[in-house]
$ cat my_file_18.cif   # mmCIF, C-alpha atoms
data_upload
#
loop_
_atom_site.label_atom_id
_atom_site.label_comp_id
_atom_site.auth_asym_id
_atom_site.auth_seq_id
_atom_site.Cartn_x
_atom_site.Cartn_y
_atom_site.Cartn_z
CA MET A 13 -8.88 46.61 -16.01
CA VAL A 14 -5.59 46.44 -14.11
CA LEU A 15 -6.35 49.81 -12.49
CA GLY A 16 -9.75 48.53 -11.34
CA ARG A 17 -8.28 45.34 -9.86
CA ALA A 18 -5.33 47.03 -8.12
CA PHE A 19 -7.59 49.78 -6.77
CA GLU A 20 -10.07 47.30 -5.29
CA ASP A 21 -7.30 45.17 -3.75
CA MET A 22 -5.97 48.31 -2.07
CA CYS A 23 -9.49 49.17 -0.85
CA ALA A 24 -9.62 45.82 0.95
CA GLN A 25 -6.32 46.60 2.68
CA MET A 26 -7.44 50.08 3.70
CA TYR A 27 -10.84 48.84 4.93
CA TYR A 28 -9.25 46.27 7.22
CA ARG A 29 -6.87 48.96 8.51
CA GLY A 30 -9.84 51.06 9.54
CA LYS A 31 -9.46 53.77 6.88
CA MET A 32 -12.94 53.17 5.41
CA PHE A 33 -16.30 52.78 7.10
CA GLY A 34 -19.68 51.25 6.36
CA PHE A 35 -20.17 48.67 3.62
CA VAL A 36 -17.59 48.41 0.85
CA HIS A 37 -18.47 46.26 -2.17
CA LEU A 38 -15.56 45.30 -4.44
CA TYR A 39 -15.62 44.68 -8.20
CA ASN A 40 -12.84 42.06 -8.54
CA GLY A 41 -13.59 39.70 -11.43
CA GLN A 42 -16.11 41.94 -13.20
CA GLU A 43 -13.62 44.40 -14.77
CA ALA A 44 -14.31 43.27 -18.35
CA VAL A 45 -17.87 44.63 -18.14
CA SER A 46 -16.93 48.11 -16.92
CA THR A 47 -14.01 48.44 -19.35
CA GLY A 48 -15.81 46.83 -22.30
CA PHE A 49 -18.71 49.28 -22.06
CA ILE A 50 -17.57 52.54 -20.49
CA LYS A 51 -14.36 52.93 -22.52
CA LEU A 52 -16.53 53.28 -25.64
CA LEU A 53 -18.35 56.33 -24.26
CA LYS A 54 -17.79 60.03 -24.81
CA LYS A 55 -17.40 62.37 -21.84
CA GLU A 56 -20.94 63.71 -22.42
CA ASP A 57 -22.50 60.22 -22.09
CA TYR A 58 -24.03 59.22 -18.77
CA VAL A 59 -23.23 56.29 -16.48
CA VAL A 60 -25.51 55.18 -13.66
CA SER A 61 -23.99 52.63 -11.31
CA THR A 62 -24.89 50.55 -8.25
CA TYR A 63 -23.33 50.23 -4.78
CA ARG A 64 -20.42 48.37 -6.47
CA ASP A 65 -19.37 51.58 -8.16
CA HIS A 66 -15.66 52.36 -7.61
CA VAL A 67 -14.48 50.83 -10.90
CA HIS A 68 -17.34 52.32 -12.94
CA ALA A 69 -16.18 55.72 -11.65
CA LEU A 70 -12.55 55.01 -12.59
CA SER A 71 -13.59 53.75 -16.06
CA LYS A 72 -15.58 56.97 -16.64
CA GLY A 73 -12.46 59.02 -15.91
CA VAL A 74 -12.92 60.05 -12.28
CA PRO A 75 -9.32 60.27 -10.93
CA ALA A 76 -8.17 57.51 -8.55
CA ARG A 77 -7.30 60.22 -6.02
CA ALA A 78 -10.90 61.52 -5.97
CA VAL A 79 -12.38 58.02 -5.62
CA MET A 80 -9.98 56.94 -2.85
CA SER A 81 -10.47 60.21 -0.96
CA GLU A 82 -14.22 59.70 -1.11
CA LEU A 83 -13.77 56.22 0.36
CA PHE A 84 -11.68 57.77 3.15
CA GLY A 85 -14.42 60.36 3.80
CA LYS A 86 -12.16 63.32 2.93
CA THR A 87 -13.04 66.73 1.46
CA THR A 88 -10.98 65.99 -1.68
CA GLY A 89 -13.30 63.09 -2.56
CA CYS A 90 -15.60 63.33 -5.59
CA CYS A 91 -18.52 64.03 -3.17
CA ARG A 92 -16.42 65.97 -0.63
CA GLY A 93 -16.45 62.91 1.64
CA GLN A 94 -20.23 62.87 2.06
CA GLY A 95 -21.01 59.96 -0.27
CA GLY A 96 -18.58 57.22 0.63
CA SER A 97 -18.24 53.85 -1.07
CA MET A 98 -21.79 53.45 -2.40
CA HIS A 99 -22.40 56.99 -3.62
CA MET A 100 -19.72 57.96 -6.13
CA PHE A 101 -20.89 60.92 -8.21
CA SER A 102 -19.21 63.29 -10.62
CA LYS A 103 -21.03 66.04 -12.48
CA GLU A 104 -17.89 66.70 -14.51
CA HIS A 105 -17.75 63.10 -15.77
CA ASN A 106 -21.53 62.58 -16.01
CA LEU A 107 -21.39 59.79 -13.45
CA LEU A 108 -24.84 60.03 -11.87
CA GLY A 109 -24.18 57.65 -8.90
CA GLY A 110 -23.63 55.23 -6.95
CA PHE A 111 -26.95 53.95 -5.45
CA ALA A 112 -27.23 51.92 -2.26
CA PHE A 113 -30.55 50.22 -3.03
CA ILE A 114 -30.91 47.78 -5.91
CA GLY A 115 -32.90 49.10 -8.84
CA GLU A 116 -32.73 52.66 -7.49
CA GLY A 117 -30.50 53.94 -10.29
CA ILE A 118 -32.51 52.53 -13.23
CA PRO A 119 -35.23 55.26 -13.16
CA VAL A 120 -32.50 57.92 -12.87
CA ALA A 121 -30.74 56.45 -15.92
CA THR A 122 -34.04 56.34 -17.83
CA GLY A 123 -34.57 60.02 -16.96
CA ALA A 124 -31.07 60.88 -18.20
CA ALA A 125 -31.80 59.09 -21.48
CA PHE A 126 -35.10 60.99 -21.76
CA THR A 127 -33.16 64.24 -21.26
CA SER A 128 -30.92 63.40 -24.23
CA LYS A 129 -33.92 62.61 -26.45
CA TYR A 130 -35.78 65.75 -25.32
CA LYS A 131 -32.75 67.93 -26.10
CA ARG A 132 -32.48 66.47 -29.59
CA GLU A 133 -36.14 66.27 -30.59
CA VAL A 134 -37.82 69.12 -28.67
CA LEU A 135 -35.07 71.66 -28.03
CA LYS A 136 -33.57 70.86 -31.46
CA GLU A 137 -30.04 70.53 -30.12
CA GLY A 138 -29.01 68.43 -33.11
CA ASP A 139 -25.63 67.47 -31.73
CA SER A 140 -27.15 65.87 -28.62
CA GLU A 141 -26.44 62.18 -29.20
CA ASP A 142 -25.67 61.36 -25.59
CA VAL A 143 -26.16 57.77 -24.52
CA THR A 144 -26.84 56.46 -21.01
CA LEU A 145 -25.55 53.19 -19.57
CA ALA A 146 -27.50 51.74 -16.63
CA PHE A 147 -25.57 49.10 -14.68
CA PHE A 148 -27.27 46.72 -12.25
CA GLY A 149 -27.09 43.12 -11.09
CA ASP A 150 -29.08 39.92 -11.51
CA GLY A 151 -30.82 40.48 -8.15
CA THR A 152 -32.40 43.67 -9.50
CA CYS A 153 -34.06 41.97 -12.47
CA ASN A 154 -37.08 40.83 -10.48
CA ASN A 155 -37.78 44.35 -9.18
CA GLY A 156 -40.59 46.58 -10.39
CA GLN A 157 -38.50 49.58 -11.47
CA PHE A 158 -36.59 47.37 -13.91
CA PHE A 159 -39.74 46.37 -15.81
CA GLU A 160 -41.32 49.84 -15.71
CA CYS A 161 -38.17 51.43 -17.12
CA LEU A 162 -37.72 48.78 -19.84
CA ASN A 163 -41.30 49.56 -20.90
CA LEU A 164 -40.81 53.36 -21.00
CA ALA A 165 -37.43 53.13 -22.70
CA ALA A 166 -38.86 50.91 -25.46
CA LEU A 167 -42.05 52.99 -25.77
CA TRP A 168 -40.12 56.26 -26.19
CA LYS A 169 -37.11 54.71 -28.00
CA LEU A 170 -34.70 56.19 -25.46
CA PRO A 171 -30.90 56.18 -26.06
CA ILE A 172 -30.07 53.81 -23.18
CA VAL A 173 -28.34 50.48 -22.71
CA PHE A 174 -29.43 48.36 -19.75
CA VAL A 175 -26.35 46.41 -18.64
CA VAL A 176 -26.99 43.46 -16.32
CA GLU A 177 -23.85 42.39 -14.49
CA ASN A 178 -25.06 38.88 -13.73
CA ASN A 179 -22.49 37.62 -11.22
CA LEU A 180 -24.85 34.71 -10.39
CA TRP A 181 -25.37 35.71 -6.74
CA ALA A 182 -27.60 38.33 -5.10
CA ILE A 183 -25.68 38.55 -1.81
CA GLY A 184 -26.15 34.90 -0.73
CA MET A 185 -29.06 34.01 -3.02
CA SER A 186 -28.22 32.01 -6.13
CA HIS A 187 -29.70 33.52 -9.29
CA LEU A 188 -30.93 30.06 -10.33
CA ARG A 189 -32.97 29.74 -7.13
CA ALA A 190 -34.54 33.20 -7.33
CA THR A 191 -35.67 33.59 -10.95
CA SER A 192 -38.31 31.61 -12.84
CA ASP A 193 -36.39 32.06 -16.11
CA PRO A 194 -32.70 32.70 -15.34
CA GLU A 195 -31.95 33.97 -18.88
CA ILE A 196 -32.34 37.67 -18.18
CA TRP A 197 -31.62 38.78 -21.75
CA LYS A 198 -34.98 37.30 -22.83
CA LYS A 199 -36.77 40.09 -20.97
CA GLY A 200 -35.59 42.55 -23.66
CA PRO A 201 -37.64 41.15 -26.57
CA ALA A 202 -40.69 40.96 -24.27
CA PHE A 203 -40.62 44.79 -24.28
CA GLY A 204 -39.72 45.12 -27.96
CA MET A 205 -35.99 45.72 -27.62
CA PRO A 206 -33.02 43.47 -28.46
CA GLY A 207 -31.79 41.21 -25.67
CA VAL A 208 -28.21 39.98 -25.83
CA HIS A 209 -26.22 37.53 -23.71
CA VAL A 210 -22.42 37.88 -23.60
CA ASP A 211 -19.51 36.29 -21.78
CA GLY A 212 -18.78 38.98 -19.19
CA MET A 213 -15.34 37.50 -18.46
CA ASP A 214 -14.10 38.36 -21.97
CA VAL A 215 -13.51 42.10 -22.46
CA LEU A 216 -13.26 41.83 -26.27
CA LYS A 217 -16.62 40.06 -26.55
CA VAL A 218 -18.19 42.59 -24.17
CA ARG A 219 -16.75 45.45 -26.22
CA GLU A 220 -18.16 44.01 -29.45
CA VAL A 221 -21.68 43.75 -28.00
CA ALA A 222 -21.33 47.19 -26.37
CA LYS A 223 -20.35 48.80 -29.69
CA ALA A 224 -23.53 47.53 -31.35
CA ALA A 225 -25.81 48.54 -28.44
CA ILE A 226 -24.27 52.01 -27.94
CA GLY A 227 -24.28 52.63 -31.71
CA ARG A 228 -27.96 51.67 -31.89
CA ALA A 229 -28.82 54.06 -29.05
CA ARG A 230 -26.78 56.89 -30.59
CA ARG A 231 -28.57 56.49 -33.94
CA GLY A 232 -31.93 56.94 -32.21
CA GLU A 233 -32.97 53.30 -32.68
CA GLY A 234 -33.78 52.75 -29.01
CA PRO A 235 -32.63 50.70 -26.04
CA THR A 236 -30.91 47.32 -25.68
CA LEU A 237 -30.78 44.90 -22.77
CA VAL A 238 -27.37 43.23 -22.40
CA GLU A 239 -26.78 40.41 -19.93
CA CYS A 240 -23.10 40.03 -19.08
CA GLU A 241 -22.47 36.73 -17.31
CA THR A 242 -19.63 37.44 -14.92
CA TYR A 243 -18.44 36.56 -11.40
CA ARG A 244 -17.21 38.42 -8.36
CA PHE A 245 -14.02 37.03 -6.86
CA ARG A 246 -14.72 38.34 -3.35
CA GLY A 247 -17.72 38.22 -1.02
CA HIS A 248 -20.75 40.46 -1.54
CA SER A 249 -19.04 43.10 0.58
CA LEU A 250 -15.95 43.18 2.77
CA ALA A 251 -18.21 42.24 5.70
CA ASP A 252 -19.22 39.00 3.92
CA PRO A 253 -17.11 35.92 4.85
CA ASP A 254 -18.16 34.36 1.48
CA GLU A 255 -18.93 30.90 2.86
CA LEU A 256 -22.08 30.19 0.82
CA ARG A 257 -20.59 29.71 -2.65
CA ASP A 258 -19.18 26.36 -3.71
CA PRO A 259 -15.34 26.42 -3.77
CA ALA A 260 -15.42 24.51 -7.09
CA GLU A 261 -17.60 27.24 -8.63
CA LYS A 262 -15.21 29.93 -7.39
CA ALA A 263 -12.21 28.04 -8.79
CA HIS A 264 -13.95 27.60 -12.16
CA TYR A 265 -14.46 31.34 -12.59
CA ALA A 266 -11.06 32.26 -11.13
CA ALA A 267 -9.53 30.24 -13.95
CA ARG A 268 -11.35 32.55 -16.40
CA ASP A 269 -9.98 35.77 -14.88
CA PRO A 270 -10.65 38.52 -17.50
CA ILE A 271 -7.29 40.21 -16.91
CA ILE A 272 -5.22 37.03 -17.20
CA SER A 273 -7.23 36.01 -20.30
CA LEU A 274 -6.60 39.33 -22.06
CA LYS A 275 -2.93 39.26 -21.09
CA LYS A 276 -2.60 35.79 -22.62
CA TYR A 277 -4.38 36.96 -25.80
CA ILE A 278 -2.13 40.03 -26.12
CA ILE A 279 1.05 37.96 -25.79
CA GLU A 280 -0.16 35.18 -28.13
CA LYS A 281 -1.07 37.76 -30.81
CA SER A 282 2.25 39.59 -30.29
CA LEU A 283 0.41 42.84 -29.51
CA ALA A 284 2.74 43.53 -26.57
CA SER A 285 5.51 41.79 -24.67
CA GLU A 286 5.45 40.56 -21.08
CA ALA A 287 7.85 43.38 -20.21
CA GLU A 288 5.53 46.03 -21.67
CA LEU A 289 2.60 44.67 -19.67
CA LYS A 290 4.71 44.71 -16.51
CA VAL A 291 5.40 48.42 -17.13
CA ILE A 292 1.61 49.02 -17.14
CA GLU A 293 1.22 47.10 -13.87
CA LYS A 294 4.04 49.07 -12.23
CA LYS A 295 2.53 52.37 -13.40
CA ILE A 296 -0.88 51.37 -12.01
CA ASP A 297 0.66 50.40 -8.65
CA GLU A 298 2.16 53.91 -8.47
CA VAL A 299 -1.22 55.51 -9.29
CA VAL A 300 -2.95 53.52 -6.54
CA GLU A 301 -0.19 54.20 -3.97
CA ASP A 302 -0.41 57.90 -4.83
CA ALA A 303 -4.20 57.84 -4.39
CA VAL A 304 -3.83 56.35 -0.88
CA GLU A 305 -1.14 58.87 0.08
CA PHE A 306 -3.28 61.74 -1.21
CA ALA A 307 -6.40 60.47 0.61
CA ASN A 308 -4.46 59.98 3.84
CA GLU A 309 -3.09 63.53 3.79
CA SER A 310 -6.37 65.19 2.76
CA PRO A 311 -8.43 66.99 5.41
CA LEU A 312 -11.66 65.69 6.92
CA PRO A 313 -14.79 67.76 6.16
CA PRO A 314 -15.56 70.51 8.69
CA ARG A 315 -18.64 70.01 10.86
CA SER A 316 -20.24 72.96 9.08
CA GLN A 317 -20.50 70.76 5.96
CA LEU A 318 -22.83 68.36 7.78
CA LEU A 319 -26.08 70.06 6.80
CA GLU A 320 -25.08 71.17 3.32
CA ASN A 321 -26.92 69.51 0.42
CA VAL A 322 -29.55 68.14 2.79
CA PHE A 323 -32.36 70.65 2.24
CA ALA A 324 -33.12 72.71 -0.85
CA ASP A 325 -33.39 75.74 1.46
CA PRO A 326 -30.96 75.09 4.31
CA LYS A 327 -32.04 78.35 6.05
CA GLY A 328 -35.21 76.51 7.04
CA PHE A 329 -33.21 74.31 9.40
CA GLY A 330 -29.46 74.27 9.07
CA ILE A 331 -28.62 77.99 9.24
CA GLY A 332 -29.61 80.25 12.12
CA PRO A 333 -30.72 83.93 11.94
CA ASP A 334 -27.09 84.97 12.43
CA GLY A 335 -26.13 83.14 9.23
CA ARG A 336 -24.11 80.48 11.08
CA TYR A 337 -24.77 76.76 10.92
CA ARG A 338 -26.84 75.62 13.88
CA CYS A 339 -24.70 72.49 14.19
CA GLU A 340 -21.81 74.79 15.21
CA ASP A 341 -23.77 75.86 18.30
CA PRO A 342 -22.62 73.65 21.23
CA LYS A 343 -26.22 73.52 22.43
CA PHE A 344 -27.24 71.91 19.14
CA THR A 345 -25.50 68.64 19.92
CA GLU A 346 -26.72 68.77 23.53
CA GLY A 347 -30.27 68.91 22.21
CA THR A 348 -31.01 72.25 23.91
CA ALA A 349 -30.60 74.65 20.98
CA HIS A 350 -33.64 76.75 20.08
CA VAL A 351 -34.91 75.44 16.69
#

$ encode --input "my_file_18.cif" --output "structure tokens"
Amino acid sequence: MVLGRAFEDMCAQMYYRGKMFGFVHLYNGQEAVSTGFIKLLKKEDYVVSTYRDHVHALSKGVPARAVMSELFGKTTGCCRGQGGSMHMFSKEHNLLGGFAFIGEGIPVATGAAFTSKYKREVLKEGDSEDVTLAFFGDGTCNNGQFFECLNLAALWKLPIVFVVENNLWAIGMSHLRATSDPEIWKKGPAFGMPGVHVDGMDVLKVREVAKAAIGRARRGEGPTLVECETYRFRGHSLADPDELRDPAEKAHYAARDPIISLKKYIIEKSLASEAELKVIEKKIDEVVEDAVEFANESPLPPRSQLLENVFADPKGFGIGPDGRYRCEDPKFTEGTAHV
């Protein structure tokens, strides 16, 4: 959780220094959800995220260097600098994105869960017990894909956990003003799956609920809908001045900071000393500083990379008869190249 917080704080600094471009959505305050769920997974399990995806990537094991470089648009990023903030992806870590539109990742996650079930039941790969976690926010829960995928997942008993990170605000729209029944977890039983509500500011409570839901999916007993009530400590994105939320509401949740709460619990239960926790914080600061240094020094992608991964057959457009990328032809950018 400390890595997630320190990383996001550094992202804010780098964004305002002009090192990152486009929209950057930070995860401060919600770390208990990512840690509580993803740290229970195996490497083979899948994670599907949203546009607020940096910390999900870190939790799944993507190195801080690769995430920061991606944010800087460098070739050493996890998507070679072509994804940016909202499109973290790692085949190696089974992180399937990063999606800019709300609800967009839920069908992908449902497909990943179907893949796991198909491998086990049709291809008879008995050791295939992979579980998929689909993360999304409260604003997504009134979208069509959400309901369609809950239905299919329950119908086919897919090994998936739908994790709602209910931070109470969809950009500037209060969840209470936008939803006829604000208790999202109730939508689970409507489709024949368990629905659970948990305090998303308490990593130990999240972990307990996650254990049960992931275990259920791994045993082939089907999906679970988990609503984690949490709060983001910053605006919707770094372009949001965050003037719509009541200062008293912000102060209330700031007092329940998941990192400070866990720290207090650890010290009270004599699980570690203040000095030991400070060592962790210092180590994390070094990791984040190293990630920035690495991203800064990494090269920008060459122009020839521009048309890669755009078309299934790039020769149809991106590569000329001579085998060279058309975008390398000076006439291409002047609009006079023969296409």

$ resolve_selection --input "my_file_18.cif" --expression "the PyMOL selection byres ((chain A and resi 147-158) around 10)" --output "ChimeraX atom specification"
/A:45-46,59-65,68,111,113-119,121,144-146,159-163,173-183,185-187,190-192,194-196,199,238-241

$ resolve_selection --input "my_file_18.cif" --expression "the PyMOL selection byres ((chain A and resi 40) around 12)" --output "PyMOL selection string"
chain A and resi 13-24+37-39+41-46+64-67+179+213+242-250+265-266+269-271

$ resolve_selection --input "my_file_18.cif" --expression "the PyMOL selection byres ((chain A and resi 301) around 12)" --output "ChimeraX atom specification"
/A:15,18-19,21-23,25-26,76-77,80,294-300,302-308

$ residues_around --input "my_file_18.cif" --residues "Leu167 in chain A" --least-positions-apart "2" --cutoff "10 Å" --atoms "all atoms listed in the file" --output "number ranges by chain"
A: 161-165, 169-170, 203-205, 234-235

$ write_last_selection --input "my_file_18.cif" --atoms "C-alpha atoms" --output "PDB file, keeping the file's coordinate frame"
ATOM      1  CA  CYS A 161     -38.170  51.430 -17.120  1.00  0.00           C
ATOM      2  CA  LEU A 162     -37.720  48.780 -19.840  1.00  0.00           C
ATOM      3  CA  ASN A 163     -41.300  49.560 -20.900  1.00  0.00           C
ATOM      4  CA  LEU A 164     -40.810  53.360 -21.000  1.00  0.00           C
ATOM      5  CA  ALA A 165     -37.430  53.130 -22.700  1.00  0.00           C
ATOM      6  CA  LYS A 169     -37.110  54.710 -28.000  1.00  0.00           C
ATOM      7  CA  LEU A 170     -34.700  56.190 -25.460  1.00  0.00           C
ATOM      8  CA  PHE A 203     -40.620  44.790 -24.280  1.00  0.00           C
ATOM      9  CA  GLY A 204     -39.720  45.120 -27.960  1.00  0.00           C
ATOM     10  CA  MET A 205     -35.990  45.720 -27.620  1.00  0.00           C
ATOM     11  CA  GLY A 234     -33.780  52.750 -29.010  1.00  0.00           C
ATOM     12  CA  PRO A 235     -32.630  50.700 -26.040  1.00  0.00           C
TER      13      PRO A 235
END

$ atom_distance --input "my_file_18.cif" --atom1 "CA of Val218 in chain A" --atom2 "CA of Leu70 in chain A"
17.9 Å

$ atom_distance --input "my_file_18.cif" --atom1 "CA of Lys72 in chain A" --atom2 "CA of Gln317 in chain A"
26.9 Å

$ atom_distance --input "my_file_18.cif" --atom1 "CA of Arg228 in chain A" --atom2 "CA of Asp214 in chain A"
21.6 Å

$ closest_residue --input "my_file_18.cif" --among "A:Gln94, A:Ala225, A:Gly212, A:Val120" --to "Leu319 in chain A" --atoms "only C-alpha atoms"
A:Gln94

$ closest_residue --input "my_file_18.cif" --among "A:Ser128, A:Lys343, A:Lys31, A:Glu220" --to "Glu82 in chain A" --atoms "all atoms listed in the file"
A:Lys31

$ closest_residue --input "my_file_18.cif" --among "A:Tyr27, A:Val79, A:Val210, A:Arg92" --to "Glu320 in chain A" --atoms "all atoms listed in the file"
A:Arg92

$ closest_residue --input "my_file_18.cif" --among "A:Pro253, A:Leu312, A:Pro171, A:Asp341" --to "Arg230 in chain A" --atoms "only C-alpha atoms"
A:Pro171

$ axis_aligned_box --input "my_file_18.cif" --around "range 308-324 of chain A" --padding-each-side "6 Å" --output "AutoDock Vina command-line options"
--center_x -18.1 --center_y 66.5 --center_z 5.0 --size_x 42.0 --size_y 25.0 --size_z 23.7

$ residues_around --input "my_file_18.cif" --residues "Thr88 in chain A" --least-positions-apart "6" --cutoff "7 Å" --atoms "all atoms listed in the file" --output "PyMOL selection string"
chain A and resi 78+81+310

$ closest_residue --input "my_file_18.cif" --among "A:Glu340, A:Glu104, A:Phe126, A:Val291" --to "Pro314 in chain A" --atoms "all atoms listed in the file"
A:Glu340

$ build_atoms --input "my_file_18.cif" --residues "range 125-140 of chain A" --atoms "N, CA, C and O atoms" --output "mmCIF file, keeping the file's coordinate frame"
data_model
loop_
_atom_site.group_PDB
_atom_site.id
_atom_site.type_symbol
_atom_site.label_atom_id
_atom_site.label_comp_id
_atom_site.auth_asym_id
_atom_site.auth_seq_id
_atom_site.Cartn_x
_atom_site.Cartn_y
_atom_site.Cartn_z
ATOM 1 N N ALA A 125 -31.622 59.422 -20.062
ATOM 2 C CA ALA A 125 -31.800 59.090 -21.480
ATOM 3 C C ALA A 125 -32.938 59.924 -22.086
ATOM 4 O O ALA A 125 -32.861 60.379 -23.230
ATOM 5 N N PHE A 126 -33.989 60.144 -21.295
ATOM 6 C CA PHE A 126 -35.100 60.990 -21.760
ATOM 7 C C PHE A 126 -34.623 62.417 -21.991
ATOM 8 O O PHE A 126 -35.019 63.071 -22.960
ATOM 9 N N THR A 127 -33.734 62.899 -21.108
ATOM 10 C CA THR A 127 -33.160 64.240 -21.260
ATOM 11 C C THR A 127 -32.463 64.380 -22.611
ATOM 12 O O THR A 127 -32.655 65.372 -23.323
ATOM 13 N N SER A 128 -31.655 63.366 -22.952
ATOM 14 C CA SER A 128 -30.920 63.400 -24.230
ATOM 15 C C SER A 128 -31.885 63.454 -25.410
ATOM 16 O O SER A 128 -31.690 64.222 -26.355
ATOM 17 N N LYS A 129 -32.937 62.649 -25.349
ATOM 18 C CA LYS A 129 -33.920 62.610 -26.450
ATOM 19 C C LYS A 129 -34.685 63.932 -26.532
ATOM 20 O O LYS A 129 -34.932 64.455 -27.618
ATOM 21 N N TYR A 130 -35.041 64.484 -25.385
ATOM 22 C CA TYR A 130 -35.780 65.750 -25.320
ATOM 23 C C TYR A 130 -34.941 66.889 -25.918
ATOM 24 O O TYR A 130 -35.439 67.717 -26.674
ATOM 25 N N LYS A 131 -33.645 66.892 -25.559
ATOM 26 C CA LYS A 131 -32.750 67.930 -26.100
ATOM 27 C C LYS A 131 -32.703 67.866 -27.623
ATOM 28 O O LYS A 131 -32.727 68.886 -28.308
ATOM 29 N N ARG A 132 -32.626 66.633 -28.141
ATOM 30 C CA ARG A 132 -32.480 66.470 -29.590
ATOM 31 C C ARG A 132 -33.782 66.762 -30.339
ATOM 32 O O ARG A 132 -33.796 67.464 -31.337
ATOM 33 N N GLU A 133 -34.896 66.226 -29.818
ATOM 34 C CA GLU A 133 -36.140 66.270 -30.590
ATOM 35 C C GLU A 133 -37.030 67.472 -30.271
ATOM 36 O O GLU A 133 -37.783 67.909 -31.123
ATOM 37 N N VAL A 134 -36.954 67.997 -29.044
ATOM 38 C CA VAL A 134 -37.820 69.120 -28.670
ATOM 39 C C VAL A 134 -37.044 70.441 -28.696
ATOM 40 O O VAL A 134 -37.488 71.421 -29.282
ATOM 41 N N LEU A 135 -35.869 70.433 -28.069
ATOM 42 C CA LEU A 135 -35.070 71.660 -28.030
ATOM 43 C C LEU A 135 -34.225 71.844 -29.289
ATOM 44 O O LEU A 135 -33.546 72.852 -29.447
ATOM 45 N N LYS A 136 -34.268 70.821 -30.157
ATOM 46 C CA LYS A 136 -33.570 70.860 -31.460
ATOM 47 C C LYS A 136 -32.059 71.068 -31.322
ATOM 48 O O LYS A 136 -31.439 71.750 -32.134
ATOM 49 N N GLU A 137 -31.499 70.515 -30.263
ATOM 50 C CA GLU A 137 -30.040 70.530 -30.120
ATOM 51 C C GLU A 137 -29.514 69.318 -30.886
ATOM 52 O O GLU A 137 -29.322 68.229 -30.339
ATOM 53 N N GLY A 138 -29.323 69.518 -32.174
ATOM 54 C CA GLY A 138 -29.010 68.430 -33.110
ATOM 55 C C GLY A 138 -27.800 67.595 -32.759
ATOM 56 O O GLY A 138 -27.701 66.434 -33.144
ATOM 57 N N ASP A 139 -26.852 68.201 -32.034
ATOM 58 C CA ASP A 139 -25.630 67.470 -31.730
ATOM 59 C C ASP A 139 -25.756 66.643 -30.448
ATOM 60 O O ASP A 139 -24.800 66.028 -29.998
ATOM 61 N N SER A 140 -26.955 66.620 -29.869
ATOM 62 C CA SER A 140 -27.150 65.870 -28.620
ATOM 63 C C SER A 140 -27.403 64.396 -28.932
ATOM 64 O O SER A 140 -28.530 63.989 -29.190
#
